[in-house]
$ cat target-v8.cif   # mmCIF, N, CA and C atoms and all ligand atoms
data_coords
#
loop_
_atom_site.label_atom_id
_atom_site.label_comp_id
_atom_site.auth_asym_id
_atom_site.auth_seq_id
_atom_site.Cartn_x
_atom_site.Cartn_y
_atom_site.Cartn_z
N MET A 247 141.02 -6.81 115.72
CA MET A 247 142.07 -7.22 114.76
C MET A 247 143.05 -8.17 115.41
N LYS A 248 143.34 -7.99 116.72
CA LYS A 248 144.23 -8.91 117.45
C LYS A 248 143.63 -10.31 117.49
N GLY A 249 142.36 -10.37 117.83
CA GLY A 249 141.65 -11.65 117.88
C GLY A 249 141.62 -12.31 116.52
N PHE A 250 141.46 -11.48 115.51
CA PHE A 250 141.44 -11.96 114.12
C PHE A 250 142.77 -12.62 113.78
N MET A 251 143.88 -11.97 114.14
CA MET A 251 145.21 -12.52 113.85
C MET A 251 145.47 -13.78 114.67
N ARG A 252 144.98 -13.81 115.92
CA ARG A 252 145.15 -14.97 116.77
C ARG A 252 144.41 -16.16 116.15
N GLU A 253 143.20 -15.88 115.67
CA GLU A 253 142.39 -16.91 115.04
C GLU A 253 143.10 -17.45 113.79
N PHE A 254 143.76 -16.52 113.07
CA PHE A 254 144.50 -16.90 111.87
C PHE A 254 145.67 -17.82 112.24
N LYS A 255 146.38 -17.48 113.33
CA LYS A 255 147.49 -18.32 113.80
C LYS A 255 146.98 -19.69 114.23
N GLU A 256 145.86 -19.70 114.96
CA GLU A 256 145.27 -20.96 115.41
C GLU A 256 144.89 -21.82 114.21
N PHE A 257 144.34 -21.15 113.20
CA PHE A 257 143.93 -21.86 111.98
C PHE A 257 145.14 -22.52 111.33
N ILE A 258 146.27 -21.82 111.24
CA ILE A 258 147.47 -22.39 110.63
C ILE A 258 147.99 -23.54 111.49
N ALA A 259 147.93 -23.36 112.83
CA ALA A 259 148.44 -24.38 113.74
C ALA A 259 147.56 -25.62 113.75
N GLN A 260 146.26 -25.44 113.64
CA GLN A 260 145.29 -26.55 113.72
C GLN A 260 145.52 -27.60 112.64
N GLY A 261 145.38 -27.18 111.40
CA GLY A 261 145.55 -28.07 110.26
C GLY A 261 144.64 -29.28 110.30
N ASN A 262 143.39 -29.13 110.65
CA ASN A 262 142.50 -30.31 110.66
C ASN A 262 142.09 -30.69 109.23
N ALA A 263 141.61 -31.90 109.10
CA ALA A 263 141.43 -32.53 107.79
C ALA A 263 140.52 -31.72 106.86
N MET A 264 139.41 -31.22 107.40
CA MET A 264 138.44 -30.48 106.57
C MET A 264 139.08 -29.20 106.03
N ASP A 265 139.75 -28.47 106.93
CA ASP A 265 140.40 -27.24 106.52
C ASP A 265 141.48 -27.51 105.48
N MET A 266 142.23 -28.61 105.71
CA MET A 266 143.30 -28.96 104.77
C MET A 266 142.73 -29.31 103.40
N ALA A 267 141.63 -30.06 103.39
CA ALA A 267 141.01 -30.45 102.12
C ALA A 267 140.56 -29.22 101.35
N ILE A 268 139.91 -28.30 102.06
CA ILE A 268 139.48 -27.05 101.44
C ILE A 268 140.71 -26.27 100.97
N GLY A 269 141.75 -26.30 101.81
CA GLY A 269 142.98 -25.59 101.49
C GLY A 269 143.60 -26.07 100.19
N VAL A 270 143.61 -27.38 100.00
CA VAL A 270 144.19 -27.95 98.78
C VAL A 270 143.41 -27.48 97.55
N ILE A 271 142.09 -27.51 97.66
CA ILE A 271 141.24 -27.13 96.53
C ILE A 271 141.38 -25.64 96.22
N ILE A 272 141.17 -24.83 97.26
CA ILE A 272 141.23 -23.38 97.09
C ILE A 272 142.65 -22.95 96.72
N GLY A 273 143.63 -23.59 97.39
CA GLY A 273 145.02 -23.27 97.13
C GLY A 273 145.38 -23.50 95.68
N GLY A 274 144.93 -24.63 95.13
CA GLY A 274 145.18 -24.93 93.72
C GLY A 274 144.54 -23.89 92.81
N ALA A 275 143.31 -23.51 93.16
CA ALA A 275 142.58 -22.56 92.33
C ALA A 275 143.20 -21.16 92.39
N PHE A 276 143.78 -20.84 93.55
CA PHE A 276 144.28 -19.48 93.73
C PHE A 276 145.76 -19.32 93.40
N THR A 277 146.42 -20.44 93.06
CA THR A 277 147.86 -20.39 92.84
C THR A 277 148.26 -19.34 91.80
N ALA A 278 147.55 -19.33 90.67
CA ALA A 278 147.89 -18.39 89.59
C ALA A 278 147.71 -16.95 90.05
N ILE A 279 146.60 -16.71 90.77
CA ILE A 279 146.31 -15.35 91.25
C ILE A 279 147.38 -14.93 92.25
N VAL A 280 147.71 -15.85 93.16
CA VAL A 280 148.69 -15.54 94.20
C VAL A 280 150.06 -15.30 93.58
N ASN A 281 150.44 -16.15 92.62
CA ASN A 281 151.73 -15.97 91.95
C ASN A 281 151.81 -14.59 91.27
N ALA A 282 150.72 -14.21 90.62
CA ALA A 282 150.68 -12.91 89.96
C ALA A 282 150.77 -11.78 90.98
N LEU A 283 150.06 -11.98 92.10
CA LEU A 283 150.05 -10.96 93.16
C LEU A 283 151.45 -10.80 93.75
N VAL A 284 152.09 -11.94 94.06
CA VAL A 284 153.42 -11.88 94.67
C VAL A 284 154.45 -11.34 93.66
N GLY A 285 154.40 -11.88 92.44
CA GLY A 285 155.40 -11.52 91.44
C GLY A 285 155.30 -10.08 90.98
N ASN A 286 154.06 -9.57 90.86
CA ASN A 286 153.87 -8.27 90.24
C ASN A 286 153.60 -7.13 91.22
N ILE A 287 153.18 -7.46 92.44
CA ILE A 287 152.83 -6.40 93.39
C ILE A 287 153.72 -6.45 94.63
N ILE A 288 153.82 -7.63 95.26
CA ILE A 288 154.52 -7.71 96.55
C ILE A 288 156.03 -7.62 96.36
N GLN A 289 156.57 -8.37 95.39
CA GLN A 289 158.02 -8.32 95.18
C GLN A 289 158.50 -6.92 94.76
N PRO A 290 157.79 -6.25 93.84
CA PRO A 290 158.21 -4.87 93.53
C PRO A 290 158.15 -3.96 94.75
N LEU A 291 157.15 -4.18 95.65
CA LEU A 291 157.06 -3.38 96.87
C LEU A 291 158.26 -3.62 97.77
N ILE A 292 158.67 -4.92 97.87
CA ILE A 292 159.85 -5.25 98.68
C ILE A 292 161.09 -4.62 98.06
N THR A 293 161.15 -4.67 96.75
CA THR A 293 162.27 -4.03 96.04
C THR A 293 162.32 -2.54 96.36
N LEU A 294 161.14 -1.94 96.38
CA LEU A 294 161.03 -0.51 96.69
C LEU A 294 161.56 -0.22 98.09
N ILE A 295 161.18 -1.10 99.05
CA ILE A 295 161.57 -0.91 100.45
C ILE A 295 163.07 -1.17 100.63
N THR A 296 163.54 -2.32 100.09
CA THR A 296 164.93 -2.71 100.31
C THR A 296 165.88 -1.97 99.38
N GLY A 297 165.35 -1.47 98.28
CA GLY A 297 166.20 -0.80 97.31
C GLY A 297 167.02 -1.74 96.47
N GLY A 298 166.73 -3.04 96.60
CA GLY A 298 167.44 -4.05 95.82
C GLY A 298 166.99 -4.01 94.37
N ALA A 299 167.81 -4.56 93.49
CA ALA A 299 167.52 -4.54 92.07
C ALA A 299 166.52 -5.63 91.67
N GLU A 300 166.54 -6.77 92.39
CA GLU A 300 165.75 -7.92 91.96
C GLU A 300 164.66 -8.32 92.95
N GLY A 301 164.40 -7.49 93.96
CA GLY A 301 163.40 -7.87 94.96
C GLY A 301 163.89 -9.03 95.78
N VAL A 302 162.96 -9.82 96.33
CA VAL A 302 163.35 -10.92 97.19
C VAL A 302 164.12 -11.99 96.42
N SER A 303 163.90 -12.07 95.12
CA SER A 303 164.62 -13.07 94.32
C SER A 303 166.11 -12.77 94.29
N GLY A 304 166.48 -11.52 94.58
CA GLY A 304 167.89 -11.13 94.58
C GLY A 304 168.61 -11.40 95.88
N LEU A 305 167.85 -11.88 96.90
CA LEU A 305 168.45 -12.13 98.20
C LEU A 305 169.14 -13.49 98.20
N ARG A 306 170.27 -13.58 97.56
CA ARG A 306 171.00 -14.84 97.52
C ARG A 306 172.47 -14.62 97.86
N ILE A 307 173.01 -15.62 98.54
CA ILE A 307 174.41 -15.55 98.93
C ILE A 307 175.18 -16.52 98.05
N PRO A 308 176.07 -16.04 97.21
CA PRO A 308 176.82 -16.96 96.35
C PRO A 308 177.78 -17.83 97.15
N VAL A 309 177.71 -19.15 96.89
CA VAL A 309 178.63 -20.09 97.54
C VAL A 309 179.86 -20.27 96.66
N ASN A 310 179.59 -20.52 95.38
CA ASN A 310 180.66 -20.51 94.38
C ASN A 310 180.06 -20.03 93.06
N ALA A 311 180.73 -20.26 91.97
CA ALA A 311 180.28 -19.72 90.69
C ALA A 311 178.91 -20.26 90.27
N GLU A 312 178.61 -21.55 90.62
CA GLU A 312 177.36 -22.17 90.16
C GLU A 312 176.27 -22.19 91.22
N THR A 313 176.66 -22.20 92.49
CA THR A 313 175.69 -22.41 93.57
C THR A 313 175.53 -21.14 94.41
N ALA A 314 174.28 -20.96 94.90
CA ALA A 314 174.03 -19.84 95.80
C ALA A 314 172.97 -20.26 96.81
N ILE A 315 173.08 -19.72 98.02
CA ILE A 315 172.02 -19.91 99.02
C ILE A 315 170.95 -18.87 98.68
N ASP A 316 169.78 -19.36 98.26
CA ASP A 316 168.76 -18.48 97.71
C ASP A 316 167.66 -18.23 98.74
N PHE A 317 167.82 -17.15 99.49
CA PHE A 317 166.78 -16.78 100.45
C PHE A 317 165.54 -16.25 99.75
N GLY A 318 165.75 -15.63 98.60
CA GLY A 318 164.65 -15.01 97.85
C GLY A 318 163.57 -16.02 97.50
N ALA A 319 163.99 -17.20 97.00
CA ALA A 319 163.03 -18.24 96.63
C ALA A 319 162.25 -18.71 97.84
N LEU A 320 162.96 -18.87 98.97
CA LEU A 320 162.32 -19.32 100.21
C LEU A 320 161.30 -18.28 100.68
N ILE A 321 161.72 -17.01 100.69
CA ILE A 321 160.82 -15.93 101.15
C ILE A 321 159.60 -15.85 100.24
N SER A 322 159.81 -15.97 98.92
CA SER A 322 158.70 -15.95 97.97
C SER A 322 157.72 -17.08 98.27
N ALA A 323 158.26 -18.29 98.54
CA ALA A 323 157.41 -19.45 98.83
C ALA A 323 156.62 -19.22 100.11
N ILE A 324 157.29 -18.63 101.12
CA ILE A 324 156.62 -18.37 102.41
C ILE A 324 155.50 -17.34 102.20
N ILE A 325 155.80 -16.28 101.44
CA ILE A 325 154.79 -15.26 101.17
C ILE A 325 153.61 -15.88 100.43
N ASN A 326 153.90 -16.71 99.43
CA ASN A 326 152.85 -17.42 98.70
C ASN A 326 151.98 -18.23 99.66
N PHE A 327 152.64 -19.00 100.53
CA PHE A 327 151.93 -19.85 101.48
C PHE A 327 151.03 -19.02 102.39
N LEU A 328 151.58 -17.91 102.92
CA LEU A 328 150.81 -17.08 103.85
C LEU A 328 149.58 -16.49 103.17
N ILE A 329 149.74 -16.07 101.91
CA ILE A 329 148.60 -15.49 101.20
C ILE A 329 147.53 -16.55 100.94
N VAL A 330 147.97 -17.72 100.47
CA VAL A 330 147.01 -18.81 100.22
C VAL A 330 146.32 -19.20 101.52
N ALA A 331 147.11 -19.36 102.60
CA ALA A 331 146.56 -19.74 103.90
C ALA A 331 145.57 -18.69 104.37
N PHE A 332 145.88 -17.41 104.12
CA PHE A 332 145.00 -16.33 104.57
C PHE A 332 143.67 -16.35 103.81
N ILE A 333 143.75 -16.58 102.50
CA ILE A 333 142.54 -16.65 101.68
C ILE A 333 141.67 -17.83 102.12
N VAL A 334 142.33 -18.99 102.33
CA VAL A 334 141.60 -20.19 102.78
C VAL A 334 140.99 -19.93 104.15
N PHE A 335 141.77 -19.27 105.02
CA PHE A 335 141.29 -18.93 106.36
C PHE A 335 140.01 -18.10 106.27
N LEU A 336 140.00 -17.11 105.39
CA LEU A 336 138.81 -16.26 105.24
C LEU A 336 137.62 -17.09 104.79
N MET A 337 137.87 -18.03 103.85
CA MET A 337 136.78 -18.86 103.34
C MET A 337 136.25 -19.79 104.43
N VAL A 338 137.18 -20.42 105.17
CA VAL A 338 136.78 -21.35 106.23
C VAL A 338 136.08 -20.60 107.35
N LYS A 339 136.56 -19.37 107.63
CA LYS A 339 135.97 -18.54 108.68
C LYS A 339 134.50 -18.24 108.37
N SER A 340 134.25 -17.85 107.10
CA SER A 340 132.86 -17.56 106.72
C SER A 340 132.02 -18.83 106.71
N LEU A 341 132.67 -19.95 106.33
CA LEU A 341 131.97 -21.25 106.35
C LEU A 341 131.60 -21.63 107.78
N ASN A 342 132.56 -21.48 108.70
CA ASN A 342 132.32 -21.78 110.12
C ASN A 342 131.21 -20.90 110.68
N LYS A 343 131.21 -19.63 110.26
CA LYS A 343 130.20 -18.69 110.74
C LYS A 343 128.82 -19.16 110.30
N MET A 344 128.74 -19.55 109.02
CA MET A 344 127.48 -20.04 108.47
C MET A 344 127.02 -21.28 109.24
N MET A 345 127.97 -22.21 109.49
CA MET A 345 127.65 -23.46 110.19
C MET A 345 127.22 -23.20 111.62
N SER A 346 127.92 -22.27 112.30
CA SER A 346 127.58 -21.98 113.69
C SER A 346 126.23 -21.27 113.77
N LEU A 347 125.91 -20.46 112.76
CA LEU A 347 124.60 -19.80 112.72
C LEU A 347 123.50 -20.84 112.62
N THR A 348 123.69 -21.83 111.76
CA THR A 348 122.72 -22.90 111.59
C THR A 348 122.57 -23.68 112.89
N LYS A 349 123.74 -23.98 113.52
CA LYS A 349 123.75 -24.73 114.76
C LYS A 349 123.02 -23.97 115.86
N ASN A 350 123.34 -22.66 115.98
CA ASN A 350 122.70 -21.84 117.00
C ASN A 350 121.20 -21.79 116.79
N GLY A 351 120.79 -21.69 115.53
CA GLY A 351 119.37 -21.65 115.21
C GLY A 351 118.66 -22.89 115.71
N LYS A 352 119.30 -24.06 115.52
CA LYS A 352 118.71 -25.32 115.97
C LYS A 352 118.62 -25.36 117.49
N GLU A 353 119.72 -24.90 118.16
CA GLU A 353 119.74 -24.91 119.62
C GLU A 353 118.65 -24.02 120.19
N GLU A 354 118.51 -22.85 119.56
CA GLU A 354 117.48 -21.92 120.05
C GLU A 354 116.09 -22.49 119.91
N SER A 355 115.83 -23.14 118.76
CA SER A 355 114.49 -23.67 118.52
C SER A 355 114.17 -24.79 119.51
N SER A 356 115.22 -25.59 119.88
CA SER A 356 114.97 -26.66 120.83
C SER A 356 114.75 -26.09 122.23
N GLU A 357 115.44 -24.94 122.51
CA GLU A 357 115.24 -24.30 123.81
C GLU A 357 113.85 -23.66 123.89
N GLU A 358 113.41 -23.13 122.74
CA GLU A 358 112.12 -22.46 122.73
C GLU A 358 110.96 -23.43 122.91
N ALA A 359 111.15 -24.69 122.48
CA ALA A 359 110.08 -25.68 122.63
C ALA A 359 109.78 -25.87 124.12
N ALA A 360 108.55 -25.56 124.51
CA ALA A 360 108.18 -25.61 125.92
C ALA A 360 108.13 -27.06 126.38
N PRO A 361 108.48 -27.30 127.65
CA PRO A 361 108.36 -28.67 128.18
C PRO A 361 106.89 -29.09 128.24
N VAL A 362 106.70 -30.40 128.25
CA VAL A 362 105.35 -30.96 128.20
C VAL A 362 105.11 -31.78 129.46
N CYS A 363 103.93 -31.68 130.00
CA CYS A 363 103.55 -32.48 131.17
C CYS A 363 103.49 -33.96 130.77
N PRO A 364 104.19 -34.84 131.52
CA PRO A 364 104.19 -36.27 131.14
C PRO A 364 102.83 -36.95 131.35
N HIS A 365 101.94 -36.29 132.09
CA HIS A 365 100.65 -36.93 132.41
C HIS A 365 99.57 -36.56 131.41
N CYS A 366 99.47 -35.27 131.08
CA CYS A 366 98.39 -34.86 130.16
C CYS A 366 98.94 -34.34 128.83
N LEU A 367 100.28 -34.27 128.69
CA LEU A 367 100.96 -33.84 127.47
C LEU A 367 100.63 -32.40 127.06
N GLU A 368 100.12 -31.60 128.02
CA GLU A 368 99.91 -30.18 127.76
C GLU A 368 101.24 -29.44 128.00
N GLU A 369 101.42 -28.34 127.31
CA GLU A 369 102.63 -27.55 127.52
C GLU A 369 102.60 -26.91 128.90
N ILE A 370 103.78 -26.94 129.55
CA ILE A 370 103.90 -26.30 130.86
C ILE A 370 105.12 -25.39 130.85
N LYS A 371 105.21 -24.52 131.84
CA LYS A 371 106.37 -23.63 131.94
C LYS A 371 107.59 -24.40 132.42
N ALA A 372 108.78 -23.98 131.90
CA ALA A 372 110.03 -24.61 132.33
C ALA A 372 110.22 -24.40 133.82
N GLY A 373 110.54 -25.45 134.56
CA GLY A 373 110.79 -25.35 135.98
C GLY A 373 109.54 -25.52 136.83
N ALA A 374 108.38 -25.72 136.19
CA ALA A 374 107.13 -25.90 136.93
C ALA A 374 107.17 -27.22 137.69
N THR A 375 106.64 -27.24 138.89
CA THR A 375 106.62 -28.47 139.69
C THR A 375 105.23 -29.08 139.71
N LYS A 376 104.24 -28.31 139.26
CA LYS A 376 102.86 -28.82 139.25
C LYS A 376 102.20 -28.39 137.93
N CYS A 377 101.59 -29.33 137.24
CA CYS A 377 100.96 -29.03 135.96
C CYS A 377 99.70 -28.20 136.18
N PRO A 378 99.57 -27.07 135.49
CA PRO A 378 98.37 -26.23 135.66
C PRO A 378 97.14 -26.82 134.99
N HIS A 379 97.34 -27.82 134.13
CA HIS A 379 96.23 -28.39 133.36
C HIS A 379 95.58 -29.56 134.10
N CYS A 380 96.43 -30.50 134.62
CA CYS A 380 95.87 -31.67 135.29
C CYS A 380 96.21 -31.74 136.76
N GLY A 381 97.05 -30.84 137.25
CA GLY A 381 97.40 -30.80 138.68
C GLY A 381 98.42 -31.82 139.11
N SER A 382 98.99 -32.58 138.17
CA SER A 382 99.97 -33.61 138.54
C SER A 382 101.29 -32.95 138.96
N ALA A 383 101.95 -33.61 139.92
CA ALA A 383 103.26 -33.16 140.34
C ALA A 383 104.28 -33.53 139.25
N ILE A 384 105.18 -32.57 138.95
CA ILE A 384 106.20 -32.81 137.92
C ILE A 384 107.57 -32.77 138.57
N GLN A 385 108.42 -33.76 138.23
CA GLN A 385 109.76 -33.84 138.83
C GLN A 385 110.62 -32.67 138.40
ZN ZN U 401 99.36 -32.18 133.17
#

$ encode --input "target-v8.cif" --output "structure tokens"
Amino acid sequence: MKGFMREFKEFIAQGNAMDMAIGVIIGGAFTAIVNALVGNIIQPLITLITGGAEGVSGLRIPVNAETAIDFGALISAIINFLIVAFIVFLMVKSLNKMMSLTKNGKEESSEEAAPVCPHCLEEIKAGATKCPHCGSAIQ
């Protein structure tokens, strides 16, 4: 779980183009779900913990009658971002896993291909210095 969280932090810090592009698409698609999740589940939970009447939206410091420093809106936006980033992270993680599996498969198959004698083109063992088929010395 520690490694998982570290990977998540690295993912947020990286921000490479492919991840960002996927993030924009997935983020757009998940906005409604995330808003519903934050508004209906997470904010009430925070209200429950803090005992506040309005949840994080109530965390505002009035400056004067019309203006207030609204921490609630900022915290809500940050929570939204973290959830979207986490969902995108999970999608990219599974995508990377799939890609690395394909890559590993290719590497293994190329490793499995036995070397060939340059003189008679018969397969020889890796590291062999003399071909068992034609007797030629191999570098
Ligand atoms: Zn040979």

$ atom_distance --input "target-v8.cif" --atom1 "atom C of Ile329 in chain A" --atom2 "CA of Val284 in chain A"
9.8 Å

$ residues_near_ligand --input "target-v8.cif" --ligand "ligand ZN 401 (chain U)" --cutoff "10 Å" --atoms "only C-alpha atoms and all ligand atoms" --output "PyMOL selection string"
chain A and resi 362-370+376-384

$ atom_distance --input "target-v8.cif" --atom1 "CA of Leu341 in chain A" --atom2 "atom C of Met266 in chain A"
13.8 Å

$ atom_distance --input "target-v8.cif" --atom1 "atom N of Leu291 in chain A" --atom2 "atom N of Ala311 in chain A"
28.8 Å

$ closest_residue --input "target-v8.cif" --among "A:Gln385, A:Lys371, A:Thr277, A:Ala259" --to "Ala323 in chain A" --atoms "only C-alpha atoms"
A:Thr277

$ closest_residue --input "target-v8.cif" --among "A:Ala319, A:Ala267, A:Met251, A:Ile307" --to "Phe332 in chain A" --atoms "only C-alpha atoms"
A:Met251

$ decode --input "target-v8.cif" --residues "range 314-373 of chain A" --atoms "C-alpha atoms" --output "PDB file, in the first residue's frame"
ATOM      1  CA  ALA A 314     -15.831  35.813   2.736  1.00  0.00           C
ATOM      2  CA  ILE A 315     -12.649  33.762   2.481  1.00  0.00           C
ATOM      3  CA  ASP A 316     -14.156  30.462   1.381  1.00  0.00           C
ATOM      4  CA  PHE A 317     -11.967  27.535   2.366  1.00  0.00           C
ATOM      5  CA  GLY A 318     -14.867  25.145   1.794  1.00  0.00           C
ATOM      6  CA  ALA A 319     -14.934  25.747  -1.969  1.00  0.00           C
ATOM      7  CA  LEU A 320     -11.165  25.276  -2.178  1.00  0.00           C
ATOM      8  CA  ILE A 321     -11.241  22.059  -0.124  1.00  0.00           C
ATOM      9  CA  SER A 322     -14.129  20.738  -2.247  1.00  0.00           C
ATOM     10  CA  ALA A 323     -12.160  21.485  -5.431  1.00  0.00           C
ATOM     11  CA  ILE A 324      -9.057  19.767  -4.014  1.00  0.00           C
ATOM     12  CA  ILE A 325     -11.095  16.707  -2.988  1.00  0.00           C
ATOM     13  CA  ASN A 326     -12.658  16.624  -6.463  1.00  0.00           C
ATOM     14  CA  PHE A 327      -9.210  16.834  -8.070  1.00  0.00           C
ATOM     15  CA  LEU A 328      -7.767  14.078  -5.864  1.00  0.00           C
ATOM     16  CA  ILE A 329     -10.655  11.728  -6.637  1.00  0.00           C
ATOM     17  CA  VAL A 330     -10.461  12.366 -10.389  1.00  0.00           C
ATOM     18  CA  ALA A 331      -6.658  12.021 -10.304  1.00  0.00           C
ATOM     19  CA  PHE A 332      -6.995   8.775  -8.346  1.00  0.00           C
ATOM     20  CA  ILE A 333      -9.504   7.300 -10.815  1.00  0.00           C
ATOM     21  CA  VAL A 334      -7.304   8.327 -13.762  1.00  0.00           C
ATOM     22  CA  PHE A 335      -4.287   6.906 -11.933  1.00  0.00           C
ATOM     23  CA  LEU A 336      -6.037   3.544 -11.578  1.00  0.00           C
ATOM     24  CA  MET A 337      -6.920   3.543 -15.288  1.00  0.00           C
ATOM     25  CA  VAL A 338      -3.397   4.535 -16.383  1.00  0.00           C
ATOM     26  CA  LYS A 339      -1.905   1.993 -13.960  1.00  0.00           C
ATOM     27  CA  SER A 340      -3.898  -0.848 -15.506  1.00  0.00           C
ATOM     28  CA  LEU A 341      -3.057   0.493 -18.975  1.00  0.00           C
ATOM     29  CA  ASN A 342       0.668   0.575 -18.109  1.00  0.00           C
ATOM     30  CA  LYS A 343       0.410  -2.953 -16.729  1.00  0.00           C
ATOM     31  CA  MET A 344      -1.166  -4.161 -19.955  1.00  0.00           C
ATOM     32  CA  MET A 345       1.514  -2.366 -22.018  1.00  0.00           C
ATOM     33  CA  SER A 346       4.380  -3.696 -19.906  1.00  0.00           C
ATOM     34  CA  LEU A 347       2.952  -7.223 -20.165  1.00  0.00           C
ATOM     35  CA  THR A 348       2.945  -6.925 -23.957  1.00  0.00           C
ATOM     36  CA  LYS A 349       6.469  -5.486 -23.882  1.00  0.00           C
ATOM     37  CA  ASN A 350       7.750  -8.242 -21.586  1.00  0.00           C
ATOM     38  CA  GLY A 351       6.172 -10.853 -23.827  1.00  0.00           C
ATOM     39  CA  LYS A 352       8.075  -9.477 -26.826  1.00  0.00           C
ATOM     40  CA  GLU A 353      11.356  -9.336 -24.880  1.00  0.00           C
ATOM     41  CA  GLU A 354      10.952 -12.902 -23.705  1.00  0.00           C
ATOM     42  CA  SER A 355      10.215 -14.207 -27.184  1.00  0.00           C
ATOM     43  CA  SER A 356      13.311 -12.474 -28.577  1.00  0.00           C
ATOM     44  CA  GLU A 357      15.383 -13.946 -25.734  1.00  0.00           C
ATOM     45  CA  GLU A 358      13.959 -17.386 -26.371  1.00  0.00           C
ATOM     46  CA  ALA A 359      14.987 -17.281 -30.045  1.00  0.00           C
ATOM     47  CA  ALA A 360      18.185 -19.329 -30.115  1.00  0.00           C
ATOM     48  CA  PRO A 361      21.272 -17.798 -31.735  1.00  0.00           C
ATOM     49  CA  VAL A 362      22.174 -19.021 -35.194  1.00  0.00           C
ATOM     50  CA  CYS A 363      25.566 -20.062 -36.536  1.00  0.00           C
ATOM     51  CA  PRO A 364      26.676 -17.452 -39.121  1.00  0.00           C
ATOM     52  CA  HIS A 365      28.286 -20.175 -41.257  1.00  0.00           C
ATOM     53  CA  CYS A 366      25.638 -22.879 -41.566  1.00  0.00           C
ATOM     54  CA  LEU A 367      22.618 -20.970 -40.110  1.00  0.00           C
ATOM     55  CA  GLU A 368      21.819 -23.878 -37.776  1.00  0.00           C
ATOM     56  CA  GLU A 369      20.622 -23.047 -34.280  1.00  0.00           C
ATOM     57  CA  ILE A 370      23.326 -23.128 -31.638  1.00  0.00           C
ATOM     58  CA  LYS A 371      23.382 -22.704 -27.865  1.00  0.00           C
ATOM     59  CA  ALA A 372      23.858 -19.195 -26.460  1.00  0.00           C
ATOM     60  CA  GLY A 373      27.511 -18.649 -25.552  1.00  0.00           C
TER      61      GLY A 373
END
